[in-house]
Every structure is written in structure tokens, then in C-alpha cells.
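Dumped coords.txt below, it's compact mmCIF, C-alpha atoms:
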```txt
# COMPACT_ATOMS: atom_id res chain seq x y z
CA MET A 164 -16.95 18.60 -10.76
CA ALA A 165 -13.51 19.54 -12.11
CA TRP A 166 -10.55 19.49 -9.70
CA THR A 167 -9.03 22.95 -9.19
CA ARG A 168 -6.17 24.19 -7.05
CA THR A 169 -4.08 27.38 -6.94
CA TYR A 170 -0.30 27.03 -6.78
CA GLU A 171 1.06 28.80 -3.69
CA GLU A 172 4.77 27.97 -3.81
CA ALA A 173 7.31 30.71 -4.57
CA GLU A 174 9.35 28.72 -7.10
CA PRO A 175 7.83 27.38 -10.37
CA GLN A 176 7.43 23.62 -10.54
CA ARG A 177 6.69 21.11 -13.26
CA VAL A 178 3.00 20.29 -13.39
CA ASN A 179 3.51 16.52 -13.27
CA ARG A 180 5.77 16.80 -10.21
CA TRP A 181 3.36 19.07 -8.35
CA LEU A 182 0.37 16.83 -9.03
CA ALA A 183 2.36 13.83 -7.77
CA GLN A 184 3.48 15.66 -4.62
CA SER A 185 -0.12 16.76 -4.01
CA GLY A 186 -1.28 13.12 -4.05
CA VAL A 187 -3.50 13.64 -7.08
CA CYS A 188 -1.82 11.14 -9.40
CA SER A 189 1.61 9.80 -10.31
CA ARG A 190 3.94 11.72 -12.64
CA ARG A 191 3.28 9.25 -15.43
CA GLU A 192 -0.47 9.60 -14.96
CA ALA A 193 -0.13 13.40 -14.99
CA GLU A 194 1.74 13.20 -18.29
CA ALA A 195 -1.03 11.02 -19.72
CA LEU A 196 -3.66 13.57 -18.64
CA ILE A 197 -1.65 16.37 -20.27
CA ALA A 198 -1.36 14.35 -23.48
CA ALA A 199 -5.14 13.87 -23.45
CA GLY A 200 -5.72 17.63 -23.13
CA GLN A 201 -7.35 17.29 -19.71
CA VAL A 202 -5.14 19.74 -17.78
CA SER A 203 -5.37 23.54 -17.96
CA ILE A 204 -3.67 26.47 -16.22
CA ASP A 205 -5.68 29.68 -15.89
CA GLY A 206 -8.05 28.38 -18.57
CA GLU A 207 -5.31 27.49 -21.09
CA THR A 208 -4.92 23.81 -21.99
CA VAL A 209 -1.47 22.46 -21.12
CA SER A 210 0.15 20.67 -24.06
CA ASP A 211 3.81 20.53 -22.98
CA PRO A 212 4.60 17.71 -20.48
CA GLY A 213 7.47 19.86 -19.18
CA ARG A 214 5.26 22.87 -18.47
CA LYS A 215 5.82 24.56 -15.11
CA ILE A 216 3.17 26.19 -12.97
CA GLU A 217 3.96 29.49 -11.24
CA HIS A 218 2.86 31.16 -8.02
CA GLY A 219 -0.77 32.31 -8.13
CA GLN A 220 -1.73 30.27 -11.19
CA THR A 221 -4.70 27.92 -10.99
CA LEU A 222 -4.55 24.40 -12.37
CA THR A 223 -7.70 22.53 -13.35
CA LEU A 224 -8.30 18.88 -14.22
CA ASP A 225 -11.45 18.47 -16.29
CA ASP A 226 -14.29 16.09 -15.46
CA GLY A 227 -12.84 13.39 -17.71
CA ALA A 228 -9.54 13.46 -15.84
CA GLN A 229 -11.37 13.17 -12.52
CA ALA A 230 -13.35 10.19 -13.75
CA ARG A 231 -10.18 8.58 -15.08
CA LEU A 232 -8.34 8.93 -11.78
CA GLU A 233 -11.28 7.89 -9.62
CA GLY A 234 -11.67 4.76 -11.76
CA GLN A 235 -8.32 3.40 -10.59
CA MET A 236 -9.05 0.39 -8.42
CA THR A 237 -7.44 -0.55 -5.10
CA VAL A 238 -8.63 -3.58 -3.17
CA ILE A 239 -7.60 -5.41 -0.03
CA ILE A 240 -7.66 -9.15 0.45
CA ASN A 241 -7.37 -11.18 3.62
CA LYS A 242 -5.02 -13.60 1.89
CA PRO A 243 -4.98 -17.22 3.03
CA VAL A 244 -1.87 -19.40 3.02
CA GLY A 245 -1.35 -21.05 -0.37
CA TYR A 246 -1.80 -18.01 -2.63
CA VAL A 247 1.04 -15.94 -4.11
CA SER A 248 0.89 -12.16 -4.25
CA ALA A 249 2.11 -11.60 -7.80
CA GLN A 250 3.07 -13.65 -10.87
CA PRO A 251 2.73 -17.33 -10.01
CA GLU A 252 5.14 -20.08 -10.91
CA PRO A 253 3.64 -23.23 -12.48
CA GLY A 254 1.17 -24.81 -10.09
CA GLN A 255 0.79 -21.70 -7.91
CA ILE A 256 -2.42 -19.68 -7.52
CA PRO A 257 -2.30 -15.85 -7.65
CA ALA A 258 -4.20 -13.95 -4.97
CA ALA A 259 -6.03 -12.05 -7.74
CA ARG A 260 -8.05 -15.24 -8.34
CA LEU A 261 -9.88 -14.43 -5.10
CA LEU A 262 -11.40 -11.29 -6.67
CA THR A 263 -14.72 -12.92 -7.54
CA ARG A 264 -18.29 -11.85 -6.93
CA GLN A 265 -18.65 -14.67 -4.38
CA GLY A 266 -15.57 -13.43 -2.53
CA LEU A 267 -16.66 -9.78 -2.40
CA TRP A 268 -17.38 -8.61 1.15
CA GLY A 269 -19.56 -5.65 2.07
CA ASP A 270 -20.86 -3.08 -0.38
CA PRO A 271 -21.44 -4.01 -4.05
CA ALA A 272 -18.47 -3.25 -6.31
CA GLU A 273 -17.18 -3.75 -9.82
CA ILE A 274 -15.56 -7.17 -10.26
CA PRO A 275 -12.14 -6.61 -11.88
CA ALA A 276 -11.59 -8.25 -15.26
CA ALA A 277 -8.86 -10.88 -15.53
CA ASP A 278 -6.68 -8.57 -17.63
CA ARG A 279 -6.84 -5.65 -15.19
CA SER A 280 -3.37 -4.72 -13.90
CA LEU A 281 -3.87 -4.91 -10.14
CA ALA A 282 -0.34 -5.27 -8.74
CA PRO A 283 0.59 -6.19 -5.16
CA VAL A 284 1.55 -3.19 -3.03
CA GLY A 285 3.84 -4.93 -0.56
CA ARG A 286 4.04 -8.65 -1.20
CA LEU A 287 2.99 -11.42 1.16
CA ASP A 288 4.64 -14.83 0.88
CA LEU A 289 2.89 -18.02 -0.25
CA ASP A 290 3.06 -19.36 3.30
CA SER A 291 1.98 -16.10 4.99
CA ARG A 292 -1.51 -14.69 5.37
CA GLY A 293 -3.41 -11.50 6.12
CA LEU A 294 -3.66 -8.03 4.61
CA LEU A 295 -2.69 -7.75 0.95
CA ILE A 296 -3.24 -4.62 -1.14
CA LEU A 297 -3.70 -4.92 -4.91
CA SER A 298 -3.82 -1.65 -6.83
CA GLU A 299 -3.48 0.10 -10.17
CA ASP A 300 -3.20 3.49 -8.40
CA GLY A 301 0.33 4.86 -8.73
CA VAL A 302 -0.12 7.33 -5.89
CA VAL A 303 -1.12 4.60 -3.43
CA THR A 304 1.76 2.41 -4.58
CA LYS A 305 4.32 5.18 -4.09
CA ALA A 306 2.94 6.08 -0.65
CA VAL A 307 3.13 2.49 0.58
CA ILE A 308 6.29 1.07 -1.01
CA GLY A 309 8.01 4.00 -2.73
CA PRO A 310 11.70 4.63 -1.97
CA ASP A 311 10.87 7.41 0.50
CA SER A 312 8.06 5.57 2.27
CA GLN A 313 8.29 5.13 6.04
CA MET A 314 4.92 3.41 6.31
CA GLU A 315 4.63 0.82 9.07
CA LYS A 316 3.64 -2.78 8.38
CA GLU A 317 2.42 -4.76 11.39
CA TYR A 318 2.53 -8.55 11.78
CA LEU A 319 1.59 -11.14 14.38
CA VAL A 320 4.00 -14.07 14.27
CA ARG A 321 3.80 -17.41 16.10
CA VAL A 322 7.21 -18.99 16.55
CA ARG A 323 8.98 -22.02 17.96
CA GLY A 324 12.14 -21.44 20.01
CA ASP A 325 13.57 -19.29 22.80
CA ILE A 326 12.29 -15.69 22.69
CA GLY A 327 14.12 -14.27 25.67
CA GLU A 328 15.29 -10.67 25.93
CA PRO A 329 18.63 -11.22 24.10
CA VAL A 330 16.73 -12.59 21.10
CA LEU A 331 14.31 -9.65 21.17
CA ASP A 332 17.23 -7.18 21.34
CA ARG A 333 18.83 -8.71 18.24
CA LEU A 334 15.55 -8.67 16.34
CA ARG A 335 15.06 -5.00 17.20
CA HIS A 336 18.54 -3.69 16.48
CA GLY A 337 21.28 -6.13 15.59
CA LEU A 338 20.61 -7.88 12.28
CA ALA A 339 21.75 -7.49 8.71
CA LEU A 340 20.48 -9.17 5.53
CA ASP A 341 22.36 -9.44 2.24
CA GLY A 342 25.23 -7.45 3.71
CA ARG A 343 23.06 -4.46 4.67
CA GLN A 344 21.97 -3.44 8.16
CA LEU A 345 18.23 -3.58 8.75
CA LYS A 346 16.35 -0.55 9.98
CA PRO A 347 15.32 -0.74 13.66
CA ALA A 348 12.20 -2.85 14.14
CA LYS A 349 9.57 -2.76 16.88
CA VAL A 350 9.36 -6.33 18.20
CA THR A 351 7.34 -7.15 21.31
CA LEU A 352 5.83 -10.18 22.98
CA ALA A 353 2.17 -10.69 22.05
CA GLY A 354 1.37 -13.82 24.01
CA ASP A 355 2.67 -17.35 24.41
CA GLN A 356 5.24 -17.91 21.61
CA ARG A 357 3.79 -14.95 19.71
CA LEU A 358 5.61 -11.82 18.57
CA ARG A 359 4.37 -8.53 17.17
CA PHE A 360 6.62 -7.04 14.47
CA ILE A 361 6.28 -3.48 13.18
CA LEU A 362 8.58 -2.76 10.23
CA THR A 363 9.15 0.25 8.01
CA GLU A 364 10.92 -1.67 5.24
CA GLY A 365 10.10 -4.76 3.23
CA ARG A 366 13.09 -6.88 2.35
CA ASN A 367 12.40 -10.23 0.69
CA ARG A 368 10.96 -12.64 3.30
CA GLN A 369 12.38 -10.29 5.92
CA ILE A 370 10.67 -11.56 9.08
CA ARG A 371 11.31 -15.21 8.25
CA ARG A 372 14.99 -14.52 7.61
CA MET A 373 15.28 -12.39 10.78
CA CYS A 374 13.85 -15.24 12.83
CA ASP A 375 16.19 -17.76 11.19
CA LEU A 376 19.18 -15.64 12.26
CA VAL A 377 18.16 -15.81 15.95
CA GLY A 378 17.19 -19.49 15.95
CA LEU A 379 13.42 -19.12 15.74
CA SER A 380 11.18 -21.04 13.35
CA ILE A 381 7.91 -19.50 12.20
CA ILE A 382 4.68 -21.44 12.57
CA ASP A 383 2.32 -18.68 11.43
CA LEU A 384 2.83 -15.16 10.00
CA TYR A 385 -0.16 -12.82 9.74
CA ARG A 386 -0.09 -9.22 8.48
CA LEU A 387 -2.84 -7.16 10.10
CA ARG A 388 -1.93 -3.57 9.16
CA ILE A 389 -0.25 -1.44 6.51
CA GLY A 390 0.01 2.16 7.74
CA PRO A 391 -3.51 3.27 8.70
CA LEU A 392 -5.16 0.43 6.74
CA LYS A 393 -6.19 -2.59 8.84
CA VAL A 394 -7.52 -5.97 7.78
CA GLY A 395 -10.14 -5.57 10.54
CA ASP A 396 -12.96 -8.09 10.41
CA LEU A 397 -12.55 -8.89 6.71
CA PRO A 398 -12.92 -12.69 6.60
CA GLU A 399 -10.05 -14.82 5.33
CA GLY A 400 -10.24 -15.36 1.58
CA ARG A 401 -12.56 -12.36 1.03
CA TRP A 402 -11.88 -8.96 -0.54
CA ARG A 403 -13.28 -5.44 -0.74
CA LEU A 404 -12.55 -2.06 -2.30
CA ILE A 405 -10.80 0.50 -0.14
CA THR A 406 -12.87 3.57 0.63
CA ALA A 407 -12.04 7.12 -0.44
CA ARG A 408 -11.16 7.95 3.17
CA GLU A 409 -8.82 4.97 3.40
CA ARG A 410 -7.06 6.06 0.20
CA GLU A 411 -6.72 9.57 1.59
CA ALA A 412 -5.25 8.15 4.79
CA LEU A 413 -2.68 6.11 2.86
CA ILE A 414 -1.44 9.07 0.82
CA THR A 415 -1.86 11.87 3.42
CA PRO A 416 0.17 11.66 6.66
CA GLY A 417 -1.95 12.27 9.74
CA PHE A 418 -5.29 11.60 8.05
CA SER A 419 -7.30 8.94 9.92
CA PRO A 420 -9.88 6.77 8.14
CA LYS A 421 -13.09 5.54 9.72
CA PRO A 422 -13.13 1.76 10.32
CA VAL A 423 -15.04 -0.24 7.73
CA ARG A 424 -17.60 -2.67 9.05
CA ARG A 425 -19.85 -5.02 7.17
CA ARG A 426 -23.44 -3.87 6.98
```
For this file, write the structure as C-alpha cells.
Amino acid sequence: MAWTRTYEEAEPQRVNRWLAQSGVCSRREAEALIAAGQVSIDGETVSDPGRKIEHGQTLTLDDGAQARLEGQMTVIINKPVGYVSAQPEPGQIPAARLLTRQGLWGDPAEIPAADRSLAPVGRLDLDSRGLLILSEDGVVTKAVIGPDSQMEKEYLVRVRGDIGEPVLDRLRHGLALDGRQLKPAKVTLAGDQRLRFILTEGRNRQIRRMCDLVGLSIIDLYRLRIGPLKVGDLPEGRWRLITAREREALITPGFSPKPVRRR
């Protein structure tokens, strides 16, 4: 069924911008749909990528556009230590190598071809483990790591060293990296020599560098959540597709997905 929505804003807006703000697709994807003749306003095919939609007009994406957008793949992996998130250096193994039929967990799914452009949405270091998102969906990518994203990323970290209150205070409020102050972090004790970090930014190797600055050394770093998406009971080294509800939760503030359990 074609996607249809009426524009209710008072001021006209470019079609590609409105579709991106509505969480339908990225601006670039909207422009590609327009170029393919798959977008219409009040029954008239849109041919100009700069076309604006006005109050009361109805925009429609045809069935082909819907199929094209729904075919964009997003997967999660419970990444083990020893795999890199993105382009490997010589001798390194990319996490995408785990996307095999044997590694698939749960419901049957298409196995992505080797040349499919599934990029990491929030990297995870070689020596870190846990939740890793790989996606070709521009809307998901923008929601998670776009410049305006405030999405939380949660980690459990086992450390060696003194983790008294002064150290916790510095981790929460008092650190800078590369000459720039870090955003406030939620850092709490999570057991013997274990810390829970909740961040809303993703500087390069941020937690490891934060711990170095306060004299802690990291033994294990595990990411268990990105926004509403949790690694759950996905076994280490396995992967699965995200569900439609999980995608909606990532791109729509306040929307809560149902937990995914293996059948």
C-alpha cells in the first residue's frame, strides 16, 4: 500500500526535508525517490528535487518507493572482542564477517551479500564487545549518531584501580578530551570494580580515555544498549535483523519497542 500523508504545517517546506523530519527516509533518499518518479503531490508526480509542499497538500510515495525503503537493512550484532566495527587494517577482521547464516539468531532473514554497504552506527573498539548496529538506513543512522542526536549509549565496564567518590565525580563532570569539555555522563557503581556508563556522545575511545585520565585501567568494556535498543539475550557472536517496532523506537522519541526473544 502506498504511503500517504497530508502536510499540516503553515509554512511550505521542501519535500526532501519534510520526509527526513518525518522519519520516512533521509534527504538523499528522498531525492533519489523523486528522481525515480515515485513521489507525487495531490496526484501530480514531483520532478523537481527542490519542490516544496504546502499546507493541505497530500504527498504519496508509490508502492515501489515503499518497497525500496523497507528493503534497507539494519542488523545488530553482539560483537565479541577481536572484531573491528568498520574498515579493517591488515590482519583485522570486520564485524560484518559475522553476518552468516550460521550466525543468524531467531527468525529467518536475508543474509547480506559481501558487497552490501552496512556501515557501523556508533563504533565499538576492537577490544570492546556488545551491541553493534550495522545499517544502510540513513534515517536510523541520523537518529543514532547524527549531529543533533542525544541518544543514550549504556556500557558496563570492569576496571582496575580506585573508584572512590572523587573519581566518580570527575568521570561525571570534570573531564575534557582533545581540548573540548565532555558532556555530563551518568557513571554509577554496578558491583565490585564495575561501573555503569551512560553517554550521549561518542568521542573516539571515549570511555577508555576517560578512565585513563582518572587512573583506572579497563579490563572489560561491554555495550548493552543504544537508546531503546538492547542487546538482550542475543548470544555473543550472533546477529539478527531489527524489527519494525525497534526501528520506529530508534527514530521516534517516546516510542517503546517490545523486547525480542528467541522462539
- Message: Residues near Gln176 (chain A), anyone? I mean within 12 Å using all atoms listed in the file, not counting same-chain ones fewer than 6 positions away, as a list in words.
- Response: Tyr170, Leu182, Ala183, Gln184, Pro212, Gly213, Arg214, Lys215, Ile216, Glu217, His218 and Gln220 of chain A
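Distance check against Thr221 (chain A) using all atoms listed in the file: of A:Leu262, A:Ile240, A:Val178, A:Leu387, the minimum falls on A:Val178.
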- Using all atoms listed in the file, determine which residues lie at most 8 Å from Ile326 (chain A), disregarding the query and same-chain residues fewer than 3 positions distant; provide the list as a PyMOL selection string. chain A and resi 329-331+356+379
Please save C-alpha atoms of the selected residues as an mmCIF file, in the coordinates of the input.
```cif
data_model
loop_
_atom_site.group_PDB
_atom_site.id
_atom_site.type_symbol
_atom_site.label_atom_id
_atom_site.label_comp_id
_atom_site.auth_asym_id
_atom_site.auth_seq_id
_atom_site.Cartn_x
_atom_site.Cartn_y
_atom_site.Cartn_z
ATOM 1 C CA PRO A 329 18.630 -11.220 24.100
ATOM 2 C CA VAL A 330 16.730 -12.590 21.100
ATOM 3 C CA LEU A 331 14.310 -9.650 21.170
ATOM 4 C CA GLN A 356 5.240 -17.910 21.610
ATOM 5 C CA LEU A 379 13.420 -19.120 15.740
#
```
- Exercise: Leu376 (chain A) partners within 12 Å, all atoms listed in the file, chain neighbours under 6 positions left out, as a PyMOL selection string: chain A and resi 324+330-331+333-334+337-340+369-370
Using all atoms listed in the file, I'd like a table of the residues in region 164-227 of chain A that come within 8 Å of region 285-308 of chain A; for each, show the closest atom pair and its distance in Å rounded to one decimal, ordered by chain and ascending number, as a tab-separated table.
```
residue	atom	partner	partner_atom	distance
A:Ala183	CA	A:Val302	CA	7.2
A:Gly186	CA	A:Val302	CA	6.2
A:Val187	CA	A:Val302	CA	7.3
A:Cys188	CA	A:Val302	CA	5.5
A:Ser189	CA	A:Gly301	CA	5.3
A:Glu192	CA	A:Gly301	CA	7.9
```
